[in-house]
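File shown here: coords05.csv, holding CSV, C-alpha atoms and all ligand atoms.
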```csv
chain,number,residue,atom,x,y,z
A,10,MET,CA,108.6,50.5,-19.7
A,11,THR,CA,106.3,48.3,-21.8
A,12,ILE,CA,107.2,47.7,-25.4
A,13,LYS,CA,104.5,46.5,-27.8
A,14,GLY,CA,105.1,45.3,-31.3
A,15,GLN,CA,104.7,42.7,-34.0
A,16,ALA,CA,107.3,40.0,-34.8
A,17,THR,CA,107.6,36.7,-36.6
A,18,VAL,CA,108.0,33.4,-34.8
A,19,VAL,CA,111.3,31.8,-36.0
A,20,LYS,CA,111.6,28.9,-33.6
A,21,HIS,CA,109.3,27.0,-31.3
A,22,THR,CA,110.9,24.9,-28.5
A,23,GLY,CA,108.7,23.4,-25.9
A,24,SER,CA,106.9,26.3,-24.3
A,25,HIS,CA,109.3,28.9,-25.6
A,26,TYR,CA,109.4,30.8,-28.8
A,27,LEU,CA,112.0,32.9,-30.5
A,28,LEU,CA,110.8,36.0,-32.3
A,29,SER,CA,112.4,38.3,-34.8
A,30,ARG,CA,111.1,41.4,-36.5
A,31,LEU,CA,111.7,40.2,-40.1
A,32,PRO,CA,113.5,41.1,-42.2
A,33,GLU,CA,115.7,42.0,-39.2
A,34,TRP,CA,117.3,38.9,-37.6
A,35,ASN,CA,117.7,39.8,-33.9
A,36,LEU,CA,116.1,37.1,-32.0
A,37,PHE,CA,114.4,37.4,-28.6
A,38,PRO,CA,112.5,34.9,-26.5
A,39,ALA,CA,108.8,34.9,-25.8
A,40,VAL,CA,106.1,32.8,-24.1
A,41,LEU,CA,102.4,32.7,-24.7
A,42,ARG,CA,100.2,34.8,-22.5
A,43,GLY,CA,97.0,33.1,-21.5
A,44,LYS,CA,95.1,30.9,-23.9
A,45,ILE,CA,95.5,31.7,-27.6
A,46,ARG,CA,93.0,30.0,-29.7
A,47,LEU,CA,92.5,30.3,-33.4
A,48,LYS,CA,89.0,30.0,-34.7
A,49,GLY,CA,88.1,26.6,-36.0
A,50,SER,CA,91.7,25.3,-35.5
A,51,THR,CA,92.2,21.8,-34.2
A,52,ALA,CA,96.0,22.2,-34.2
A,53,THR,CA,98.0,21.2,-31.2
A,54,ASN,CA,100.1,24.3,-31.6
A,55,PRO,CA,98.2,27.6,-31.6
A,56,VAL,CA,101.3,29.5,-32.7
A,57,ALA,CA,103.6,28.2,-35.4
A,58,VAL,CA,106.9,29.2,-37.1
A,59,GLY,CA,106.1,32.0,-39.6
A,60,ASP,CA,103.2,33.3,-37.6
A,61,VAL,CA,103.1,37.1,-37.1
A,62,VAL,CA,102.3,37.7,-33.5
A,63,ASN,CA,101.7,40.7,-31.3
A,64,PHE,CA,103.9,40.9,-28.2
A,65,GLU,CA,104.4,42.9,-25.1
A,66,ALA,CA,107.5,43.1,-23.0
A,67,GLU,CA,108.6,44.9,-19.8
A,68,ALA,CA,111.9,46.2,-21.1
A,69,ASP,CA,113.4,49.4,-22.4
A,70,ALA,CA,114.3,47.9,-25.7
A,71,VAL,CA,113.9,44.6,-27.6
A,72,GLU,CA,117.6,44.0,-26.9
A,73,ASP,CA,116.8,43.8,-23.2
A,74,ILE,CA,114.3,41.0,-23.6
A,75,SER,CA,115.8,37.9,-22.1
A,76,LEU,CA,114.9,34.4,-21.1
A,77,GLU,CA,114.4,35.5,-17.5
A,78,ASN,CA,112.2,38.3,-18.8
A,79,PRO,CA,110.7,37.1,-22.0
A,80,ALA,CA,108.2,38.9,-24.2
A,81,ALA,CA,104.6,37.8,-23.9
A,82,ILE,CA,102.7,36.8,-27.1
A,83,THR,CA,99.3,38.3,-26.8
A,84,SER,CA,97.7,37.4,-30.1
A,85,VAL,CA,98.3,35.9,-33.6
A,86,GLU,CA,97.6,37.8,-36.8
A,87,PRO,CA,95.5,36.0,-39.4
A,88,ARG,CA,97.5,33.6,-41.6
A,89,ARG,CA,97.9,34.0,-45.3
A,90,ASN,CA,98.4,30.3,-45.5
A,91,TYR,CA,99.9,27.4,-43.5
A,92,ILE,CA,101.0,23.8,-43.9
A,93,ILE,CA,99.9,21.2,-41.4
A,94,ARG,CA,100.9,17.7,-40.5
A,95,LYS,CA,98.5,15.1,-39.3
A,96,SER,CA,99.7,13.2,-36.2
A,97,THR,CA,98.4,9.9,-37.6
A,98,ASN,CA,95.7,8.8,-40.0
A,99,LEU,CA,93.3,8.1,-37.3
A,100,SER,CA,94.0,11.0,-34.9
A,101,ARG,CA,92.1,14.2,-35.7
A,102,GLN,CA,95.0,16.2,-34.2
A,103,SER,CA,97.2,18.2,-36.5
A,104,HIS,CA,100.3,20.2,-36.1
A,105,ILE,CA,101.0,23.4,-38.0
A,106,ILE,CA,104.4,23.1,-39.6
A,107,ALA,CA,104.7,26.7,-40.7
A,108,ALA,CA,102.6,29.7,-41.6
A,109,ASN,CA,102.7,32.6,-44.1
A,110,LEU,CA,104.9,30.9,-46.6
A,111,ASP,CA,105.7,32.7,-49.8
A,112,ARG,CA,106.8,29.4,-51.6
A,113,ALA,CA,107.6,25.8,-51.0
A,114,PHE,CA,110.7,24.3,-52.6
A,115,ILE,CA,110.1,20.6,-53.0
A,116,ILE,CA,113.5,18.9,-53.2
A,117,ALA,CA,113.6,15.8,-55.3
A,118,THR,CA,115.9,13.6,-57.3
A,119,ILE,CA,115.2,11.7,-60.5
A,120,ASP,CA,117.4,8.9,-59.1
A,121,PHE,CA,119.5,8.3,-56.0
A,122,PRO,CA,116.9,8.0,-54.5
A,123,GLU,CA,114.5,7.2,-57.4
A,124,ILE,CA,111.6,9.6,-57.6
A,125,LYS,CA,108.0,8.4,-56.9
A,126,LEU,CA,105.8,10.6,-59.0
A,127,PRO,CA,102.5,9.7,-57.3
A,128,PHE,CA,104.1,10.7,-54.0
A,129,LEU,CA,105.4,14.0,-55.4
A,130,ASP,CA,101.9,14.7,-56.9
A,131,ARG,CA,100.3,14.2,-53.5
A,132,ILE,CA,102.7,16.8,-52.0
A,133,LEU,CA,101.8,19.2,-54.8
A,134,VAL,CA,98.1,18.7,-54.1
A,135,THR,CA,98.7,19.4,-50.5
A,136,CYS,CA,100.5,22.7,-51.3
A,137,GLU,CA,97.6,23.6,-53.7
A,138,VAL,CA,95.1,22.9,-50.9
A,139,TYR,CA,97.1,25.2,-48.5
A,140,ASN,CA,97.6,27.8,-51.2
A,141,VAL,CA,101.4,27.7,-51.1
A,142,PRO,CA,103.1,28.2,-54.5
A,143,VAL,CA,105.6,25.4,-55.4
A,144,THR,CA,108.9,25.2,-57.1
A,145,ILE,CA,110.3,21.7,-57.7
A,146,VAL,CA,114.1,21.5,-57.2
A,147,LEU,CA,115.8,18.5,-58.8
A,148,ASN,CA,119.0,18.0,-56.8
A,149,LYS,CA,122.0,15.7,-57.6
A,150,VAL,CA,121.8,16.4,-61.4
A,151,ASP,CA,125.5,15.7,-61.5
A,152,LEU,CA,124.6,12.0,-60.9
A,153,TYR,CA,121.9,11.5,-63.5
A,154,ARG,CA,121.9,14.3,-66.1
A,155,GLU,CA,123.6,12.0,-68.6
A,156,SER,CA,122.4,8.6,-67.5
A,157,HIS,CA,118.7,9.7,-67.2
A,158,LYS,CA,118.6,12.3,-69.9
A,159,GLU,CA,115.2,11.2,-71.3
A,160,MET,CA,113.6,10.9,-67.9
A,161,LEU,CA,114.9,14.4,-67.0
A,162,GLU,CA,113.3,15.9,-70.1
A,163,ALA,CA,110.1,14.1,-69.5
A,164,PHE,CA,110.0,15.4,-66.0
A,165,HIS,CA,110.3,19.0,-67.1
A,166,GLU,CA,107.6,18.4,-69.7
A,167,ILE,CA,105.2,16.9,-67.1
A,168,TYR,CA,105.7,19.4,-64.3
A,169,GLU,CA,106.3,22.6,-66.3
A,170,GLY,CA,103.3,21.5,-68.3
A,171,ALA,CA,101.3,21.4,-65.1
A,172,GLY,CA,102.5,24.9,-64.2
A,173,TYR,CA,105.3,24.1,-61.7
A,174,PRO,CA,108.7,25.7,-62.2
A,175,VAL,CA,111.5,23.1,-62.1
A,176,MET,CA,115.1,23.9,-61.2
A,177,GLU,CA,118.1,21.7,-61.6
A,178,VAL,CA,120.8,22.0,-59.0
A,179,SER,CA,123.7,20.1,-57.5
A,180,ALA,CA,124.7,20.7,-53.9
A,181,LEU,CA,127.9,18.8,-54.7
A,182,THR,CA,129.1,20.8,-57.7
A,183,GLY,CA,127.3,24.1,-56.9
A,184,GLU,CA,125.5,24.1,-60.2
A,185,GLY,CA,122.2,26.0,-60.0
A,186,ILE,CA,122.8,27.1,-56.4
A,187,GLU,CA,123.1,30.8,-57.3
A,188,ALA,CA,119.7,30.6,-59.1
A,189,LEU,CA,118.2,28.9,-56.0
A,190,ARG,CA,119.7,31.7,-53.7
A,191,GLU,CA,118.1,34.2,-56.0
A,192,ALA,CA,114.7,32.5,-55.8
A,193,CYS,CA,114.9,32.5,-52.0
A,194,ARG,CA,115.9,36.1,-51.6
A,195,GLY,CA,113.3,38.3,-50.0
A,196,HIS,CA,110.9,35.5,-49.2
A,197,VAL,CA,110.0,33.0,-46.6
A,198,SER,CA,110.3,29.6,-48.1
A,199,LEU,CA,109.5,26.0,-47.0
A,200,PHE,CA,112.1,23.4,-47.8
A,201,SER,CA,110.8,19.9,-48.0
A,202,GLY,CA,111.8,16.6,-49.4
A,203,VAL,CA,112.1,12.9,-48.5
A,204,SER,CA,115.2,12.0,-46.6
A,205,GLY,CA,118.3,11.4,-48.8
A,206,VAL,CA,117.5,13.8,-51.6
A,207,GLY,CA,120.1,16.2,-50.2
A,208,LYS,CA,118.0,18.8,-48.5
A,209,SER,CA,120.5,19.4,-45.7
A,210,SER,CA,123.4,19.6,-48.3
A,211,LEU,CA,121.4,22.1,-50.3
A,212,ILE,CA,120.8,24.4,-47.3
A,213,LYS,CA,124.5,24.2,-46.5
A,214,ALA,CA,125.3,25.0,-50.1
A,215,LEU,CA,123.0,28.0,-50.0
A,216,ASP,CA,124.7,29.3,-46.9
A,217,PRO,CA,127.8,27.4,-45.5
A,218,SER,CA,127.2,28.9,-42.1
A,219,LEU,CA,124.0,26.9,-41.7
A,220,ASP,CA,123.9,23.3,-40.6
A,221,PRO,CA,120.4,21.8,-40.5
A,222,ARG,CA,121.6,18.6,-38.9
A,223,VAL,CA,122.6,20.6,-35.8
A,224,GLY,CA,120.1,23.4,-35.9
A,225,GLU,CA,121.2,26.9,-36.6
A,226,ILE,CA,119.9,28.9,-33.8
A,227,SER,CA,122.2,28.0,-31.0
A,228,ASP,CA,120.8,27.1,-27.6
A,229,VAL,CA,122.5,30.1,-26.1
A,230,HIS,CA,119.1,31.8,-26.7
A,231,LEU,CA,117.2,29.1,-24.8
A,232,GLN,CA,119.7,28.0,-22.3
A,233,GLY,CA,118.5,25.3,-20.0
A,234,LYS,CA,115.3,24.8,-21.9
A,235,HIS,CA,116.4,21.7,-23.7
A,236,THR,CA,113.3,20.3,-25.3
A,237,THR,CA,112.1,19.2,-28.7
A,238,THR,CA,112.4,21.7,-31.4
A,239,PHE,CA,109.5,21.4,-33.8
A,240,TYR,CA,110.4,23.6,-36.7
A,241,GLU,CA,112.9,26.3,-37.2
A,242,MET,CA,113.4,29.2,-39.6
A,243,TYR,CA,116.9,30.0,-41.0
A,244,SER,CA,118.2,33.3,-42.2
A,245,LEU,CA,120.1,33.1,-45.4
A,246,ALA,CA,123.2,35.3,-45.6
A,247,SER,CA,122.2,36.1,-49.2
A,248,GLY,CA,118.7,37.2,-48.1
A,249,GLY,CA,115.5,35.4,-47.4
A,250,PHE,CA,114.4,32.9,-44.8
A,251,ILE,CA,113.8,29.2,-45.0
A,252,VAL,CA,111.8,26.8,-42.9
A,253,ASP,CA,113.3,23.3,-42.9
A,254,THR,CA,111.0,20.4,-42.5
A,255,PRO,CA,112.5,17.1,-41.4
A,256,GLY,CA,111.0,14.4,-43.7
A,257,LEU,CA,107.6,14.3,-45.2
A,258,ARG,CA,105.9,11.6,-43.3
A,259,GLY,CA,102.3,12.7,-42.5
A,260,PHE,CA,102.7,15.6,-44.8
A,261,GLY,CA,100.4,15.3,-47.8
A,262,LEU,CA,97.5,14.0,-45.8
A,263,VAL,CA,94.6,16.2,-46.5
A,264,ASP,CA,90.9,15.9,-46.0
A,265,LEU,CA,89.5,15.9,-49.5
A,266,LYS,CA,86.3,14.6,-50.9
A,267,LYS,CA,86.5,12.6,-54.2
A,268,GLU,CA,85.0,15.5,-56.2
A,269,GLU,CA,87.5,18.0,-54.7
A,270,ILE,CA,90.7,16.2,-55.7
A,271,ALA,CA,90.8,17.4,-59.3
A,272,LEU,CA,90.5,21.0,-58.1
A,273,TYR,CA,94.0,20.8,-56.9
A,274,PHE,CA,95.6,19.6,-60.2
A,275,PRO,CA,95.8,23.1,-61.8
A,276,GLU,CA,96.0,21.8,-65.3
A,277,MET,CA,92.8,19.6,-64.8
A,278,LEU,CA,90.9,22.4,-63.1
A,279,GLU,CA,91.4,24.5,-66.3
A,280,ALA,CA,90.3,21.7,-68.7
A,281,ALA,CA,87.4,20.7,-66.4
A,282,GLN,CA,85.5,23.9,-67.3
A,283,ASP,CA,84.6,22.1,-70.6
A,284,CYS,CA,83.4,18.8,-69.1
A,285,ARG,CA,79.7,18.1,-69.9
A,286,PHE,CA,78.9,17.2,-66.4
A,287,ALA,CA,79.7,19.2,-63.3
A,288,PRO,CA,80.8,17.9,-61.0
A,289,CYS,CA,82.8,15.4,-63.1
A,290,THR,CA,85.2,12.9,-61.6
A,291,HIS,CA,86.9,12.6,-65.0
A,292,THR,CA,86.7,8.9,-65.0
A,293,HIS,CA,83.6,7.4,-66.7
A,294,GLU,CA,81.6,10.5,-67.6
A,295,PRO,CA,80.8,11.1,-71.3
A,296,GLY,CA,82.0,14.4,-72.7
A,297,CYS,CA,84.9,14.7,-70.2
A,298,ALA,CA,87.3,17.4,-71.3
A,299,VAL,CA,90.0,16.2,-68.9
A,300,LYS,CA,90.0,12.7,-70.4
A,301,ASP,CA,90.1,14.3,-73.9
A,302,ALA,CA,93.0,16.5,-72.9
A,303,VAL,CA,94.9,13.4,-71.6
A,304,GLU,CA,94.3,11.6,-74.8
A,305,ALA,CA,95.4,14.6,-76.8
A,306,GLY,CA,98.6,14.7,-74.7
A,307,GLU,CA,97.8,18.1,-73.3
A,308,ILE,CA,97.6,16.7,-69.7
A,309,SER,CA,100.3,14.2,-68.9
A,310,TYR,CA,99.3,10.6,-68.4
A,311,GLU,CA,101.5,10.4,-65.3
A,312,ARG,CA,99.6,13.3,-63.6
A,313,TYR,CA,96.3,11.8,-64.6
A,314,SER,CA,97.2,8.4,-63.2
A,315,SER,CA,98.3,10.0,-59.9
A,316,TYR,CA,94.9,11.6,-59.8
A,317,LEU,CA,93.2,8.2,-60.4
A,318,GLY,CA,95.4,6.8,-57.6
A,319,MET,CA,94.3,9.5,-55.2
A,320,LEU,CA,90.6,8.9,-56.1
A,321,ASP,CA,91.1,5.2,-55.4
A,322,GLU,CA,92.8,5.8,-52.1
A,323,GLU,CA,90.3,8.5,-51.0
A,324,GLY,CA,89.3,7.7,-47.5
A,325,LYS,CA,92.8,6.7,-46.5
A,326,TYR,CA,93.5,10.4,-46.1
A,327,ARG,CA,91.2,10.9,-43.2
B,401,LIG,P1,118.8,14.9,-46.7
B,401,LIG,O1,118.4,13.6,-46.0
B,401,LIG,O2,117.8,15.2,-47.8
B,401,LIG,O3,119.1,16.1,-45.8
B,401,LIG,O4,120.1,14.6,-47.5
B,401,LIG,P2,121.6,14.9,-47.2
B,401,LIG,O5,121.9,16.3,-47.4
B,401,LIG,O6,122.1,14.3,-46.0
B,401,LIG,O7,122.3,14.1,-48.5
B,401,LIG,C1,122.1,12.7,-48.7
B,401,LIG,C2,123.3,12.2,-49.4
B,401,LIG,O8,123.4,12.7,-50.7
B,401,LIG,C3,124.7,12.6,-48.8
B,401,LIG,O9,125.6,11.5,-48.9
B,401,LIG,C4,125.1,13.7,-49.7
B,401,LIG,O10,126.5,13.9,-49.7
B,401,LIG,C5,124.6,13.4,-51.0
B,401,LIG,N1,124.3,14.5,-51.9
B,401,LIG,C6,123.6,15.6,-51.5
B,401,LIG,N2,123.5,16.5,-52.6
B,401,LIG,C7,124.2,15.9,-53.6
B,401,LIG,C8,124.5,16.3,-55.0
B,401,LIG,O11,124.0,17.4,-55.4
B,401,LIG,N3,125.2,15.4,-55.7
B,401,LIG,C9,125.6,14.2,-55.2
B,401,LIG,N4,126.3,13.5,-56.1
B,401,LIG,N5,125.4,13.8,-54.0
B,401,LIG,C10,124.7,14.7,-53.2
B,402,ZN,ZN,85.6,15.5,-66.6
```
What does the file become when written as structure tokens?
Ligand code: GDP
Ligand code: ZN
Amino acid sequence: MTIKGQATVVKHTGSHYLLSRLPEWNLFPAVLRGKIRLKGSTATNPVAVGDVVNFEAEADAVEDISLENPAAITSVEPRRNYIIRKSTNLSRQSHIIAANLDRAFIIATIDFPEIKLPFLDRILVTCEVYNVPVTIVLNKVDLYRESHKEMLEAFHEIYEGAGYPVMEVSALTGEGIEALREACRGHVSLFSGVSGVGKSSLIKALDPSLDPRVGEISDVHLQGKHTTTFYEMYSLASGGFIVDTPGLRGFGLVDLKKEEIALYFPEMLEAAQDCRFAPCTHTHEPGCAVKDAVEAGEISYERYSSYLGMLDEEGKYR
């Protein structure tokens, strides 16, 4: 009997995929049938974690699909959004990290390690470009809530002012973890952050049965196919799915023209409607409403200087 259906890619290992019909979590293996090409895509992977795919299998039930008799992925449904990683600055090749994300949780710390706002802003711009809503998660608040009180307040002001929700959590003490669980419930979320901010600890705190350092989906499903795992989706016991991304190198590289960059700073986009010139780079032009808003304190100086930094570095992104 031939089964046909739709499922979501939850893991990609070498030439094999694991699929599940979300929100169910019963995984079955699949391979690509023939050449699957997406229009206009230069990605090295035509199918990514989070993709909704159509499959066929010669089996009586999904439970009977096995590695010896995997399902065949026949096509990929159009993506709502996706996040890509460039291989290098020079290479034109890119890799799709994940598709169809409801939200990205950017994990950061005010200190231990010290936060670099321009770097965070670059990540935020990338998420705006790819149309993925962001929540900033400040982890390790147990370490710096008292010692960096003013910085913490300023951080809330800058980023909430720009329109980004900011959560405070501690994987160590458990503070804020229930709120984070709640925010993940019912959604597919990307977890990202530079190494050392406690991303793995947070995922374990959300669901102690998960260990991102090891990889959740045991190789039982893909026995003998020991190859590089690219990205992987986890199922949270409390509901919802997360895609863990190891490190952020290469993430945040987007092809943007100078005049496009400001479009991805939401608070500037709004103010820019009142600039005298269009397009306006918000640097030297007279009658610039963005510069006025920065002077009036309505747009944070930190965000504006990140913007100027990106303008300066434009060209390094491609
Ligand atoms: P990752 O590289 O982002 O996955 O970070 P890890 O989860 O490996 O954590 C890096 C270090 O920070 C480890 O030593 C953790 O024990 C520590 N850590 C993680 N979360 C917290 C936290 O909320 N508070 C404190 N004090 N330490 C934490
Ligand atoms: Zn302007």
- Rank nothing, just name the residue among A:Ser198, A:Asn109, A:Thr182, A:Ser218 nearest to ligand LIG 401 (chain B), using all atoms listed in the file.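 Looking at the shortest contact to ligand LIG 401 (chain B), the residue is A:Thr182.
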- Query: In Å, with one decimal, what is the gap from atom CA of Lys13 of chain A to atom CA of Glu65 of chain A?
  - Reply: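 Value for the atom CA of Lys13 of chain A-atom CA of Glu65 of chain A distance: 4.5 Å.
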- Task: Kindly compile the residues surrounding ligand ZN 402 (chain B) within 10 Å, counting only C-alpha atoms and all ligand atoms, and format them as a ChimeraX atom specification.
- Result: /A:271,277-278,280-302
- Go through the chains and note each residue within 6 Å of ligand LIG 401 (chain B), using all atoms listed in the file, then give the set as an NGL selection string. :A and (148-149 or 151-152 or 179-181 or 204-210)
- Message: Counting only C-alpha atoms, which residue out of A:Glu72, A:Glu191, A:Glu241, A:Glu311 sits closest to Asp220 of chain A?
- Response: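 Of A:Glu72, A:Glu191, A:Glu241, A:Glu311, the one nearest Asp220 of chain A, counting only C-alpha atoms, is A:Glu241.
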- Message: For a test of reading the model, state the distance in Å between atom CA of Leu245 of chain A and atom CA of Ala214 of chain A, rounded to one decimal.
- Response: 10.7 Å
